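The next block is work.csv, given as CSV, C-alpha atoms.
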```csv
chain,number,residue,atom,x,y,z
A,28,MET,CA,97.2,-17.3,62.6
A,29,GLY,CA,97.9,-18.2,59.0
A,30,HIS,CA,96.1,-20.0,56.3
A,31,LEU,CA,95.3,-23.7,57.0
A,32,ARG,CA,95.8,-25.4,53.7
A,33,LEU,CA,94.4,-28.8,54.8
A,34,VAL,CA,91.1,-27.1,55.7
A,35,ASP,CA,90.7,-26.2,52.0
A,36,GLY,CA,90.9,-29.9,51.2
A,37,LEU,CA,88.5,-30.7,54.0
A,38,ARG,CA,85.9,-28.4,52.4
A,39,ALA,CA,86.3,-30.3,49.2
A,40,VAL,CA,85.8,-33.6,51.1
A,41,ALA,CA,82.7,-32.3,52.7
A,42,ALA,CA,81.2,-31.1,49.4
A,43,GLY,CA,82.1,-34.4,47.8
A,44,LEU,CA,80.3,-36.4,50.6
A,45,VAL,CA,77.2,-34.3,50.2
A,46,LEU,CA,77.2,-34.8,46.4
A,47,VAL,CA,77.6,-38.6,46.8
A,48,SER,CA,74.8,-38.8,49.3
A,49,HIS,CA,72.4,-37.1,46.8
A,50,VAL,CA,73.5,-39.2,43.9
A,51,GLY,CA,72.8,-42.3,46.1
A,52,PHE,CA,69.4,-41.0,47.0
A,53,TRP,CA,68.4,-40.1,43.4
A,54,THR,CA,69.6,-43.4,41.9
A,55,GLY,CA,68.4,-45.6,44.7
A,56,ALA,CA,71.9,-46.8,45.6
A,57,SER,CA,71.5,-45.8,49.2
A,58,ARG,CA,69.2,-48.7,49.7
A,59,ILE,CA,71.9,-51.3,49.0
A,60,ASP,CA,73.1,-53.0,52.1
A,61,LEU,CA,76.3,-51.8,53.6
A,62,VAL,CA,77.5,-49.9,50.6
A,63,GLY,CA,74.2,-48.0,50.5
A,64,GLY,CA,74.6,-47.0,54.1
A,65,LEU,CA,78.1,-45.5,53.4
A,66,VAL,CA,76.7,-43.6,50.4
A,67,ALA,CA,73.6,-42.4,52.3
A,68,ARG,CA,75.7,-41.0,55.2
A,69,GLY,CA,77.5,-38.6,52.9
A,70,ASP,CA,75.3,-35.9,54.4
A,71,ALA,CA,77.7,-35.9,57.3
A,72,GLY,CA,79.6,-33.4,55.1
A,73,VAL,CA,77.2,-30.8,56.3
A,74,ALA,CA,78.4,-31.3,59.9
A,75,VAL,CA,82.0,-30.8,58.6
A,76,PHE,CA,81.0,-27.5,56.9
A,77,PHE,CA,79.3,-26.2,60.1
A,78,ALA,CA,82.4,-27.2,62.2
A,79,ILE,CA,84.8,-25.5,59.8
A,80,SER,CA,82.6,-22.3,59.9
A,81,ALA,CA,82.6,-22.1,63.7
A,82,PHE,CA,86.3,-22.8,63.9
A,83,LEU,CA,87.4,-20.2,61.4
A,84,LEU,CA,84.9,-17.5,62.4
A,85,LEU,CA,85.3,-17.8,66.2
A,86,ARG,CA,89.0,-18.6,66.4
A,87,PRO,CA,90.1,-14.9,66.2
A,88,ALA,CA,87.8,-13.9,69.1
A,89,ILE,CA,89.1,-16.9,71.1
A,90,GLY,CA,92.7,-15.8,70.4
A,91,ARG,CA,91.9,-12.2,71.5
A,92,GLY,CA,90.3,-13.4,74.7
A,93,LEU,CA,93.3,-15.6,75.6
A,94,ASP,CA,95.6,-12.6,75.0
A,95,GLY,CA,93.5,-10.5,77.4
A,96,ALA,CA,91.2,-9.1,74.7
A,97,GLN,CA,94.1,-7.2,73.1
A,98,GLY,CA,94.8,-6.9,69.4
A,99,PRO,CA,92.9,-5.8,66.4
A,100,ARG,CA,89.2,-6.6,66.1
A,101,ARG,CA,87.5,-6.6,62.7
A,102,SER,CA,84.4,-4.4,62.5
A,103,THR,CA,81.0,-5.9,62.2
A,104,GLY,CA,80.5,-4.1,58.9
A,105,VAL,CA,83.6,-5.6,57.4
A,106,TYR,CA,82.7,-9.0,58.7
A,107,ALA,CA,79.2,-8.8,57.2
A,108,ALA,CA,80.6,-7.6,53.8
A,109,HIS,CA,83.0,-10.5,53.6
A,110,ARG,CA,80.3,-13.1,54.5
A,111,ALA,CA,77.8,-11.6,52.1
A,112,ALA,CA,80.4,-11.6,49.3
A,113,ARG,CA,81.3,-15.2,50.0
A,114,ILE,CA,77.8,-16.6,50.1
A,115,LEU,CA,75.3,-14.5,48.1
A,116,PRO,CA,76.7,-14.0,44.6
A,117,ALA,CA,77.3,-17.7,43.9
A,118,TYR,CA,74.1,-18.5,45.6
A,119,TRP,CA,72.0,-16.2,43.5
A,120,LEU,CA,73.7,-17.4,40.3
A,121,ALA,CA,72.8,-21.0,41.2
A,122,LEU,CA,69.3,-19.9,42.2
A,123,ALA,CA,68.8,-18.4,38.7
A,124,GLY,CA,69.6,-21.8,37.3
A,125,VAL,CA,67.2,-23.5,39.7
A,126,LEU,CA,64.4,-21.1,38.8
A,127,ALA,CA,65.0,-21.7,35.1
A,128,ALA,CA,64.8,-25.5,35.6
A,129,ALA,CA,61.6,-25.1,37.6
A,130,VAL,CA,60.0,-23.4,34.6
A,131,LEU,CA,61.5,-25.5,31.8
A,132,ILE,CA,61.4,-29.0,33.3
A,133,PRO,CA,57.8,-30.3,33.4
A,134,SER,CA,58.4,-32.6,36.4
A,135,ALA,CA,60.1,-29.8,38.4
A,136,GLY,CA,56.8,-28.5,39.7
A,137,GLY,CA,57.0,-24.9,38.5
A,138,LEU,CA,58.0,-21.7,40.3
A,139,GLY,CA,55.3,-21.6,42.9
A,140,GLY,CA,54.1,-18.4,44.4
A,141,ALA,CA,56.0,-15.1,44.8
A,142,GLY,CA,56.5,-15.9,48.5
A,143,LYS,CA,58.4,-19.1,47.7
A,144,VAL,CA,60.7,-17.3,45.2
A,145,LEU,CA,61.3,-14.5,47.7
A,146,ALA,CA,62.1,-16.9,50.5
A,147,GLN,CA,64.8,-18.5,48.3
A,148,VAL,CA,66.2,-15.1,47.3
A,149,LEU,CA,66.5,-14.2,51.0
A,150,LEU,CA,67.8,-17.6,52.1
A,151,LEU,CA,64.7,-18.2,54.3
A,152,GLN,CA,63.7,-21.6,52.9
A,153,GLY,CA,65.0,-23.3,56.0
A,154,TYR,CA,62.3,-21.5,58.0
A,155,THR,CA,59.5,-21.8,55.5
A,156,GLY,CA,60.1,-25.4,54.6
A,157,GLU,CA,59.4,-24.7,50.9
A,158,TYR,CA,62.1,-26.0,48.5
A,159,TYR,CA,62.7,-26.5,44.8
A,160,GLN,CA,63.6,-30.0,43.9
A,161,SER,CA,67.0,-29.0,42.8
A,162,PHE,CA,67.8,-26.8,45.8
A,163,THR,CA,66.8,-29.0,48.8
A,164,GLN,CA,70.3,-29.0,50.1
A,165,THR,CA,70.1,-25.3,50.8
A,166,TRP,CA,68.3,-25.8,54.2
A,167,SER,CA,71.9,-25.8,55.5
A,168,LEU,CA,72.5,-22.3,54.1
A,169,THR,CA,69.6,-20.9,56.1
A,170,THR,CA,71.2,-22.4,59.2
A,171,GLU,CA,74.7,-21.2,58.2
A,172,VAL,CA,73.6,-17.7,57.6
A,173,THR,CA,71.7,-17.6,60.9
A,174,PHE,CA,75.0,-18.7,62.6
A,175,TYR,CA,76.8,-15.9,60.8
A,176,VAL,CA,74.4,-13.4,62.3
A,177,LEU,CA,75.2,-14.8,65.8
A,178,VAL,CA,79.0,-14.9,65.3
A,179,PRO,CA,79.7,-11.2,66.4
A,180,PHE,CA,77.8,-11.8,69.7
A,181,LEU,CA,79.3,-15.2,70.3
A,182,GLY,CA,82.8,-13.9,69.6
A,183,ALA,CA,82.4,-11.0,72.0
A,184,ALA,CA,81.1,-13.4,74.7
A,185,LEU,CA,83.9,-15.9,74.2
A,186,ALA,CA,86.5,-13.1,74.3
A,187,HIS,CA,84.9,-11.6,77.4
A,188,VAL,CA,84.9,-14.9,79.3
A,189,LEU,CA,88.4,-15.7,78.4
A,190,GLY,CA,89.7,-12.2,79.2
A,191,ARG,CA,87.9,-12.0,82.5
A,192,ARG,CA,88.6,-15.4,83.9
A,193,GLY,CA,92.1,-15.7,82.6
A,194,GLY,CA,93.6,-18.3,80.3
A,195,VAL,CA,93.5,-21.6,82.2
A,196,ARG,CA,90.2,-21.0,84.1
A,197,GLY,CA,88.6,-19.5,81.0
A,198,VAL,CA,89.5,-22.4,78.7
A,199,ARG,CA,88.3,-24.9,81.3
A,200,SER,CA,85.0,-23.1,81.7
A,201,LEU,CA,84.4,-22.7,78.0
A,202,LEU,CA,85.3,-26.3,77.2
A,203,ALA,CA,82.7,-27.5,79.7
A,204,ALA,CA,80.2,-25.0,78.4
A,205,THR,CA,80.8,-26.0,74.8
A,206,VAL,CA,80.3,-29.7,75.6
A,207,ALA,CA,77.1,-28.8,77.5
A,208,VAL,CA,75.8,-26.8,74.5
A,209,GLY,CA,76.6,-29.7,72.2
A,210,LEU,CA,74.6,-32.0,74.4
A,211,LEU,CA,71.7,-29.5,74.3
A,212,GLY,CA,71.8,-29.8,70.6
A,213,LEU,CA,71.3,-33.6,70.9
A,214,VAL,CA,68.3,-33.0,73.2
A,215,VAL,CA,66.8,-30.7,70.6
A,216,GLN,CA,67.2,-33.4,67.9
A,217,ALA,CA,65.4,-35.8,70.2
A,218,ALA,CA,62.6,-33.3,70.8
A,219,ALA,CA,62.3,-32.7,67.0
A,220,ALA,CA,62.1,-36.4,66.4
A,221,ALA,CA,59.4,-36.8,69.0
A,222,TRP,CA,57.5,-33.9,67.6
A,223,THR,CA,57.7,-35.4,64.1
A,224,ARG,CA,56.4,-38.7,65.4
A,225,ALA,CA,53.6,-36.9,67.1
A,226,GLY,CA,52.4,-35.5,63.7
A,227,SER,CA,54.2,-32.2,63.3
A,228,ASP,CA,53.2,-30.5,60.0
A,229,GLY,CA,56.7,-29.0,59.4
A,230,GLY,CA,57.8,-27.3,62.6
A,231,ALA,CA,59.7,-30.2,63.8
A,232,GLY,CA,61.7,-30.3,60.5
A,233,VAL,CA,62.6,-26.6,60.9
A,234,LEU,CA,63.7,-27.2,64.5
A,235,ALA,CA,65.8,-30.2,63.6
A,236,THR,CA,67.7,-28.3,60.8
A,237,SER,CA,68.1,-25.0,62.8
A,238,VAL,CA,71.1,-23.7,64.6
A,239,LEU,CA,69.6,-25.1,67.8
A,240,GLY,CA,69.2,-28.5,66.3
A,241,HIS,CA,72.9,-28.5,65.2
A,242,LEU,CA,74.5,-27.0,68.2
A,243,ALA,CA,76.7,-30.1,68.4
A,244,TRP,CA,78.1,-29.6,64.9
A,245,PHE,CA,78.9,-25.9,65.5
A,246,GLY,CA,80.2,-26.7,68.9
A,247,VAL,CA,82.8,-29.0,67.4
A,248,GLY,CA,84.4,-26.0,65.7
A,249,VAL,CA,84.4,-24.0,68.9
A,250,LEU,CA,86.0,-26.9,70.7
A,251,VAL,CA,88.8,-27.3,68.2
A,252,ALA,CA,89.4,-23.6,68.2
A,253,LEU,CA,89.7,-23.4,72.0
A,254,LEU,CA,92.0,-26.4,72.2
A,255,THR,CA,94.3,-25.2,69.4
A,256,GLU,CA,94.5,-21.5,70.5
A,257,ALA,CA,95.1,-22.5,74.1
A,258,ARG,CA,97.9,-24.8,73.1
A,259,ARG,CA,99.6,-22.0,71.1
A,260,ARG,CA,99.8,-20.2,74.4
A,261,GLY,CA,101.0,-23.1,76.4
A,262,ILE,CA,97.8,-23.9,78.3
A,263,GLY,CA,94.9,-26.3,78.1
A,264,PRO,CA,94.4,-30.1,77.8
A,265,LEU,CA,96.7,-30.4,74.9
A,266,VAL,CA,99.5,-29.2,77.1
A,267,THR,CA,98.6,-30.8,80.4
A,268,ARG,CA,97.4,-34.2,79.2
A,269,PRO,CA,100.1,-35.9,77.1
A,270,ALA,CA,97.8,-38.8,76.2
A,271,VAL,CA,95.2,-36.5,74.7
A,272,ALA,CA,97.9,-34.6,72.9
A,273,ALA,CA,99.4,-37.8,71.5
A,274,VAL,CA,96.1,-38.7,69.8
A,275,TRP,CA,95.5,-35.1,68.7
A,276,ASP,CA,99.0,-35.0,67.1
A,277,SER,CA,98.6,-38.3,65.2
A,278,ARG,CA,96.8,-37.4,62.0
A,279,PRO,CA,96.5,-41.1,60.9
A,280,THR,CA,94.8,-41.9,64.2
A,281,LEU,CA,92.4,-39.0,63.8
A,282,VAL,CA,91.5,-40.0,60.2
A,283,LEU,CA,91.1,-43.6,61.3
A,284,LEU,CA,88.8,-42.6,64.1
A,285,ALA,CA,86.8,-40.5,61.6
A,286,VAL,CA,86.5,-43.5,59.2
A,287,VAL,CA,85.3,-45.8,62.1
A,288,THR,CA,82.8,-43.3,63.2
A,289,PHE,CA,81.5,-42.9,59.7
A,290,VAL,CA,81.1,-46.7,59.3
A,291,VAL,CA,79.2,-46.9,62.6
A,292,ALA,CA,76.9,-44.0,61.4
A,293,SER,CA,76.2,-46.0,58.2
A,294,SER,CA,74.6,-48.7,60.3
A,295,PRO,CA,70.9,-48.8,61.5
A,296,VAL,CA,72.0,-47.3,64.8
A,297,ALA,CA,71.8,-43.9,63.0
A,298,GLY,CA,68.4,-44.4,61.6
A,299,PRO,CA,66.8,-44.9,58.2
A,300,ARG,CA,68.7,-43.9,55.0
A,301,ASP,CA,65.6,-42.4,53.4
A,302,LEU,CA,63.1,-39.8,54.5
A,303,ALA,CA,61.4,-42.1,57.0
A,304,VAL,CA,61.1,-40.8,60.6
A,305,PRO,CA,63.9,-42.0,62.9
A,306,THR,CA,63.3,-43.0,66.5
A,307,LEU,CA,64.5,-40.6,69.2
A,308,GLY,CA,67.6,-42.7,69.9
A,309,GLN,CA,68.4,-42.9,66.2
A,310,ALA,CA,68.1,-39.1,65.8
A,311,VAL,CA,70.4,-38.5,68.7
A,312,ALA,CA,72.9,-41.2,67.5
A,313,LYS,CA,73.1,-39.7,64.0
A,314,GLU,CA,73.7,-36.2,65.3
A,315,GLY,CA,76.3,-37.3,67.8
A,316,LEU,CA,78.2,-39.5,65.4
A,317,TYR,CA,78.3,-36.8,62.7
A,318,ALA,CA,79.6,-34.4,65.3
A,319,LEU,CA,82.4,-36.9,66.2
A,320,PHE,CA,83.2,-37.4,62.5
A,321,ALA,CA,83.5,-33.7,62.0
A,322,LEU,CA,85.6,-33.4,65.2
A,323,PHE,CA,88.2,-36.0,64.1
A,324,LEU,CA,88.5,-34.6,60.5
A,325,LEU,CA,88.8,-31.0,61.6
A,326,ALA,CA,91.4,-31.8,64.3
A,327,ALA,CA,93.4,-33.6,61.6
A,328,ALA,CA,93.3,-30.6,59.3
A,329,VAL,CA,94.1,-27.7,61.7
A,330,ARG,CA,97.8,-28.6,62.2
A,331,GLU,CA,100.1,-27.6,59.4
A,332,PRO,CA,101.8,-30.7,58.1
A,333,ALA,CA,105.6,-30.9,57.6
A,334,ALA,CA,106.9,-30.5,54.1
A,335,GLY,CA,107.6,-33.8,52.3
A,336,THR,CA,105.1,-35.9,54.3
A,337,PRO,CA,102.0,-37.2,52.4
A,338,ALA,CA,99.8,-34.7,54.3
A,339,GLY,CA,102.3,-31.9,53.4
A,340,VAL,CA,102.2,-32.8,49.7
A,341,ILE,CA,98.4,-32.7,49.7
A,342,ALA,CA,98.3,-29.5,51.7
A,343,ARG,CA,100.7,-27.7,49.3
A,344,ALA,CA,99.2,-29.0,46.1
A,345,GLY,CA,97.5,-26.4,43.9
A,346,VAL,CA,94.6,-28.8,43.3
A,347,THR,CA,93.8,-28.9,47.0
A,348,ARG,CA,93.4,-25.1,47.1
A,349,TRP,CA,91.4,-25.2,43.9
A,350,LEU,CA,89.0,-27.9,45.2
A,351,GLY,CA,88.5,-25.9,48.3
A,352,ASP,CA,87.8,-22.8,46.3
A,353,ILE,CA,85.1,-24.5,44.2
A,354,SER,CA,83.6,-26.6,47.0
A,355,TYR,CA,80.8,-24.1,47.7
A,356,GLY,CA,79.9,-24.0,44.0
A,357,VAL,CA,79.9,-27.9,43.9
A,358,PHE,CA,77.5,-27.8,46.9
A,359,LEU,CA,75.2,-25.3,45.2
A,360,TRP,CA,75.1,-26.8,41.7
A,361,HIS,CA,75.1,-30.6,42.1
A,362,VAL,CA,71.4,-31.2,42.8
A,363,LEU,CA,70.4,-29.0,39.9
A,364,VAL,CA,72.8,-31.1,37.7
A,365,LEU,CA,71.1,-34.2,38.9
A,366,GLN,CA,67.7,-32.9,38.1
A,367,VAL,CA,68.7,-31.9,34.6
A,368,LEU,CA,70.5,-35.2,34.0
A,369,PHE,CA,67.5,-37.2,34.9
A,370,ALA,CA,65.2,-35.0,32.8
A,371,VAL,CA,67.4,-35.1,29.7
A,372,THR,CA,68.3,-38.8,29.8
A,373,GLY,CA,64.9,-40.0,31.0
A,374,ALA,CA,66.5,-41.9,33.8
A,375,THR,CA,64.1,-43.2,36.5
A,376,VAL,CA,64.4,-41.7,40.0
A,377,PHE,CA,65.4,-44.4,42.6
A,378,ALA,CA,66.3,-46.9,39.7
A,379,ALA,CA,69.2,-45.4,37.8
A,380,GLY,CA,72.8,-46.5,37.5
A,381,PHE,CA,74.8,-45.1,40.3
A,382,TRP,CA,78.3,-44.9,38.6
A,383,TRP,CA,77.4,-43.1,35.4
A,384,VAL,CA,75.2,-40.6,37.3
A,385,LEU,CA,78.0,-40.0,39.8
A,386,TYR,CA,80.6,-39.4,37.0
A,387,ALA,CA,78.3,-37.1,35.1
A,388,THR,CA,77.3,-35.2,38.2
A,389,VAL,CA,80.9,-34.7,39.4
A,390,GLY,CA,82.0,-33.6,35.9
A,391,PHE,CA,79.2,-31.0,35.3
A,392,SER,CA,79.2,-29.8,38.9
A,393,VAL,CA,83.0,-29.2,38.9
A,394,ALA,CA,82.7,-27.3,35.6
A,395,LEU,CA,79.9,-25.1,36.7
A,396,ALA,CA,81.5,-24.5,40.1
A,397,SER,CA,84.8,-23.6,38.5
A,398,ALA,CA,83.1,-21.1,36.2
A,399,SER,CA,81.3,-19.6,39.2
A,400,TRP,CA,84.5,-19.3,41.1
A,401,TRP,CA,86.6,-17.6,38.3
A,402,LEU,CA,83.9,-15.5,36.8
A,403,VAL,CA,81.8,-14.5,39.8
A,404,GLU,CA,83.0,-15.4,43.2
A,405,ARG,CA,86.7,-14.6,43.0
A,406,PRO,CA,86.3,-11.2,41.4
A,407,ILE,CA,83.7,-10.1,43.8
A,408,LEU,CA,85.6,-11.4,46.8
A,409,SER,CA,88.8,-9.6,45.7
A,410,ALA,CA,86.9,-6.4,45.1
A,411,VAL,CA,85.1,-6.5,48.5
A,412,HIS,CA,88.3,-7.5,50.4
A,413,GLY,CA,90.2,-4.7,48.6
A,414,ARG,CA,87.6,-2.1,49.4
A,415,THR,CA,87.2,-3.0,53.0
A,416,ALA,CA,91.0,-3.1,53.5
A,417,ARG,CA,91.3,0.5,52.0
A,418,ASP,CA,88.4,1.8,54.2
A,419,THR,CA,90.0,0.2,57.3
A,420,ALA,CA,93.4,1.7,56.5
A,421,THR,CA,91.8,5.2,55.9
A,422,ARG,CA,90.0,5.1,59.2
A,423,ALA,CA,93.2,4.0,61.0
```
What is this file in structure tokens?
Amino acid sequence: MGHLRLVDGLRAVAAGLVLVSHVGFWTGASRIDLVGGLVARGDAGVAVFFAISAFLLLRPAIGRGLDGAQGPRRSTGVYAAHRAARILPAYWLALAGVLAAAVLIPSAGGLGGAGKVLAQVLLLQGYTGEYYQSFTQTWSLTTEVTFYVLVPFLGAALAHVLGRRGGVRGVRSLLAATVAVGLLGLVVQAAAAAWTRAGSDGGAGVLATSVLGHLAWFGVGVLVALLTEARRRGIGPLVTRPAVAAVWDSRPTLVLLAVVTFVVASSPVAGPRDLAVPTLGQAVAKEGLYALFALFLLAAAVREPAAGTPAGVIARAGVTRWLGDISYGVFLWHVLVLQVLFAVTGATVFAAGFWWVLYATVGFSVALASASWWLVERPILSAVHGRTARDTATRA
């Protein structure tokens, strides 16, 4: 299936959007008219991350199903080892910094009880609702890891349906099912908003940020995987519907659609920019618009660009791969960097200069993420991949 180099760059875009949204929130810039709306909606980067995960992790199973469930299937143990190596070492390193800040910065609120610390260690904070000020963004990791647990079962189900029903019928059925599941996610968001407005003491927030609440975002990844893998085998809407294929093959059109969707999402239709409770319609609109945003960007990234084109130059640039490699570290470290910056400089939350905070946050976050990648993540990933490859070869 090959490595998709533009997806590396898309990871970096997603991490950058999340970083900008937090800088806007901490500095108060998200309150500024139209520009503030654009800044605040950077949290759409999380939708992009979820869509990428679903696409990359379920695409192999979809391909096996379309080929009649033939071909190699990676063991669950190898899959779990690879996911753990990618997520946990960098996470625990950043968590150590977060815990140190909680102790050393007076305004950070302290460590809290042992249960709170243990929940962070085990990535359960998305279920407990207890966060450190500099790790609030990690609700999405609870959701992501929950999805990782489900992937072997989802992959087996997708491969079974495609293998049993046959290519054309299977693709048609799963496309319809994926859309239906995405719509269910929108219903869950509406239910969570209604529960919040009724006075939920935290359960609504857990539901809204769960896998169920973000079925539409994960569904985007499945949808793109189905369409692209079906097309490789000469079936599906991208083969039978030229108008759909024309839009899909036009990267500038897809990017433009993503930009337009993002601008619409920055308007009041997607709800408040702060922590105020949205209406049911606003909650659904925000979730749906973010799903479309992720869909257009992922669709633009999954087709390898021709050499010499602007997209080809970006895809083949070493900096694109590097930014993709450190994107997870940037995601992990940037809120801690914000907390330390405000503590050291004495800047006032919601009333600080946006640009100097942004420059400083980007600089320190990239530095920390690069160190994490080269000193921790890359060596561990290489060791785990090498070990599992040797074990697989031995068993074969």
Write out as an MDAnalysis selection string the residues lying within 7 Å of region 292-308 of chain A, counting only C-alpha atoms and excluding same-chain residues fewer than 6 positions away. chainID A and resid 57 64:65 67:68 217 220:221 316
What would the file look like if the residues just selected were written as a PDB file, in the frame of the given file with C-alpha atoms?
```
ATOM      1  CA  SER A  57      71.500 -45.800  49.200  1.00  0.00           C
ATOM      2  CA  GLY A  64      74.600 -47.000  54.100  1.00  0.00           C
ATOM      3  CA  LEU A  65      78.100 -45.500  53.400  1.00  0.00           C
ATOM      4  CA  ALA A  67      73.600 -42.400  52.300  1.00  0.00           C
ATOM      5  CA  ARG A  68      75.700 -41.000  55.200  1.00  0.00           C
ATOM      6  CA  ALA A 217      65.400 -35.800  70.200  1.00  0.00           C
ATOM      7  CA  ALA A 220      62.100 -36.400  66.400  1.00  0.00           C
ATOM      8  CA  ALA A 221      59.400 -36.800  69.000  1.00  0.00           C
ATOM      9  CA  LEU A 316      78.200 -39.500  65.400  1.00  0.00           C
TER      10      LEU A 316
END
```
Can you build me a table of region 261-332 of chain A residues sitting at most 12 Å from region 182-195 of chain A, with the closest atom pair per residue and its distance in Å to one decimal, using all atoms listed in the file, sorted by chain and residue number, as CSV?
```
residue,atom,partner,partner_atom,distance
A:Gly261,CA,A:Val195,CA,9.6
A:Ile262,CA,A:Val195,CA,6.2
A:Gly263,CA,A:Val195,CA,6.4
A:Pro264,CA,A:Val195,CA,9.6
A:Leu265,CA,A:Val195,CA,11.9
A:Val266,CA,A:Val195,CA,10.9
A:Thr267,CA,A:Val195,CA,10.7
```
Rank nothing, just name the residue among A:Trp244, A:Tyr106, A:Phe82, A:Trp360 nearest to Gly390 (chain A), using all atoms listed in the file. A:Trp360
Any idea what's packed within 9 Å of Ala326 (chain A), counting only C-alpha atoms, ignoring anything in its chain fewer than 2 positions away? Could you give it as a PyMOL selection string? chain A and resi 251+255+275-276+278+281+321-324+328-330
What does the distance from CA of Ala121 (chain A) to CA of Gly351 (chain A) come to in Å, to one decimal?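 According to the coordinates, CA of Ala121 (chain A) and CA of Gly351 (chain A) are separated by 17.9 Å.
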Do you have the CA of Leu250 (chain A)-CA of Ala203 (chain A) distance handy? 9.6 Å
Residues within 12 Å of (68.4, -31.1, 31.4), counting all atoms listed in the file, listed as a PyMOL selection string: chain A and resi 124-125+127-135+161+362-374+388+391
Under the rule of at most 8 Å, produce a per-residue listing of region 187-287 of chain A near region 170-178 of chain A: chain, number, name, the closest pair of atoms, and the distance in Å, as JSON lines, using all atoms listed in the file.
```
{"residue": "A:Thr236", "atom": "CA", "partner": "A:Thr170", "partner_atom": "CA", "distance": 7.0}
{"residue": "A:Ser237", "atom": "CA", "partner": "A:Thr170", "partner_atom": "CA", "distance": 5.4}
{"residue": "A:Val238", "atom": "CA", "partner": "A:Thr170", "partner_atom": "CA", "distance": 5.6}
```
Residue contacts of Gly43 (chain A) (9 Å, all atoms listed in the file) excluding same-chain residues fewer than 5 positions away, as a short mmCIF file (atom, residue, chain, number, x, y, z; two decimals) with C-alpha atoms, keeping the file's coordinate frame:
```cif
data_model
loop_
_atom_site.label_atom_id
_atom_site.label_comp_id
_atom_site.auth_asym_id
_atom_site.auth_seq_id
_atom_site.Cartn_x
_atom_site.Cartn_y
_atom_site.Cartn_z
CA ARG A 38 85.90 -28.40 52.40
CA SER A 48 74.80 -38.80 49.30
CA GLY A 69 77.50 -38.60 52.90
CA GLY A 72 79.60 -33.40 55.10
CA SER A 354 83.60 -26.60 47.00
CA VAL A 357 79.90 -27.90 43.90
CA PHE A 358 77.50 -27.80 46.90
CA VAL A 389 80.90 -34.70 39.40
#
```
As an exercise, work out the distance from CA of Glu256 (chain A) to CA of Ala88 (chain A) in Å and give it to one decimal place. 10.2 Å
Fewer than 2 positions away in the same chain doesn't count, so skip those; otherwise give me all residues within 9 Å of Gly248 (chain A), counting only C-alpha atoms, as a ChimeraX atom specification. /A:75,77-83,85-86,244-246,250-253,321-322,325
Could you check which residues have any atom within 12 Å of (81.1, -30.8, 75.4), counting all atoms listed in the file with coordinates taken straight from the file, and then list them as an mmCIF file with C-alpha atoms, keeping the file's coordinate frame?
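Output (result-v4.cif):
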```cif
data_model
loop_
_atom_site.group_PDB
_atom_site.id
_atom_site.type_symbol
_atom_site.label_atom_id
_atom_site.label_comp_id
_atom_site.auth_asym_id
_atom_site.auth_seq_id
_atom_site.Cartn_x
_atom_site.Cartn_y
_atom_site.Cartn_z
ATOM 1 C CA ARG A 199 88.300 -24.900 81.300
ATOM 2 C CA SER A 200 85.000 -23.100 81.700
ATOM 3 C CA LEU A 201 84.400 -22.700 78.000
ATOM 4 C CA LEU A 202 85.300 -26.300 77.200
ATOM 5 C CA ALA A 203 82.700 -27.500 79.700
ATOM 6 C CA ALA A 204 80.200 -25.000 78.400
ATOM 7 C CA THR A 205 80.800 -26.000 74.800
ATOM 8 C CA VAL A 206 80.300 -29.700 75.600
ATOM 9 C CA ALA A 207 77.100 -28.800 77.500
ATOM 10 C CA VAL A 208 75.800 -26.800 74.500
ATOM 11 C CA GLY A 209 76.600 -29.700 72.200
ATOM 12 C CA LEU A 210 74.600 -32.000 74.400
ATOM 13 C CA LEU A 211 71.700 -29.500 74.300
ATOM 14 C CA GLY A 212 71.800 -29.800 70.600
ATOM 15 C CA LEU A 213 71.300 -33.600 70.900
ATOM 16 C CA LEU A 242 74.500 -27.000 68.200
ATOM 17 C CA ALA A 243 76.700 -30.100 68.400
ATOM 18 C CA TRP A 244 78.100 -29.600 64.900
ATOM 19 C CA PHE A 245 78.900 -25.900 65.500
ATOM 20 C CA GLY A 246 80.200 -26.700 68.900
ATOM 21 C CA VAL A 247 82.800 -29.000 67.400
ATOM 22 C CA GLY A 248 84.400 -26.000 65.700
ATOM 23 C CA VAL A 249 84.400 -24.000 68.900
ATOM 24 C CA LEU A 250 86.000 -26.900 70.700
ATOM 25 C CA VAL A 251 88.800 -27.300 68.200
ATOM 26 C CA LEU A 253 89.700 -23.400 72.000
ATOM 27 C CA GLY A 315 76.300 -37.300 67.800
ATOM 28 C CA ALA A 318 79.600 -34.400 65.300
ATOM 29 C CA LEU A 319 82.400 -36.900 66.200
ATOM 30 C CA LEU A 322 85.600 -33.400 65.200
#
```
Near-Thr165 (chain A) list (10 Å; all atoms listed in the file; drop same-chain fewer than 4 positions) as a ChimeraX atom specification: /A:118,147,150-153,158-159,161,169-171,358-359
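Among the candidates A:Ala387, A:Val214, A:Ala272, A:Leu115, the one nearest to Leu149 (chain A) when counting only C-alpha atoms is A:Leu115.
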Which is closer to Val376 (chain A) than all the others in A:Leu37, A:Trp401, A:Val45, A:Ala56, using only C-alpha atoms?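 Counting only C-alpha atoms, the residue closest to Val376 (chain A) is A:Ala56.
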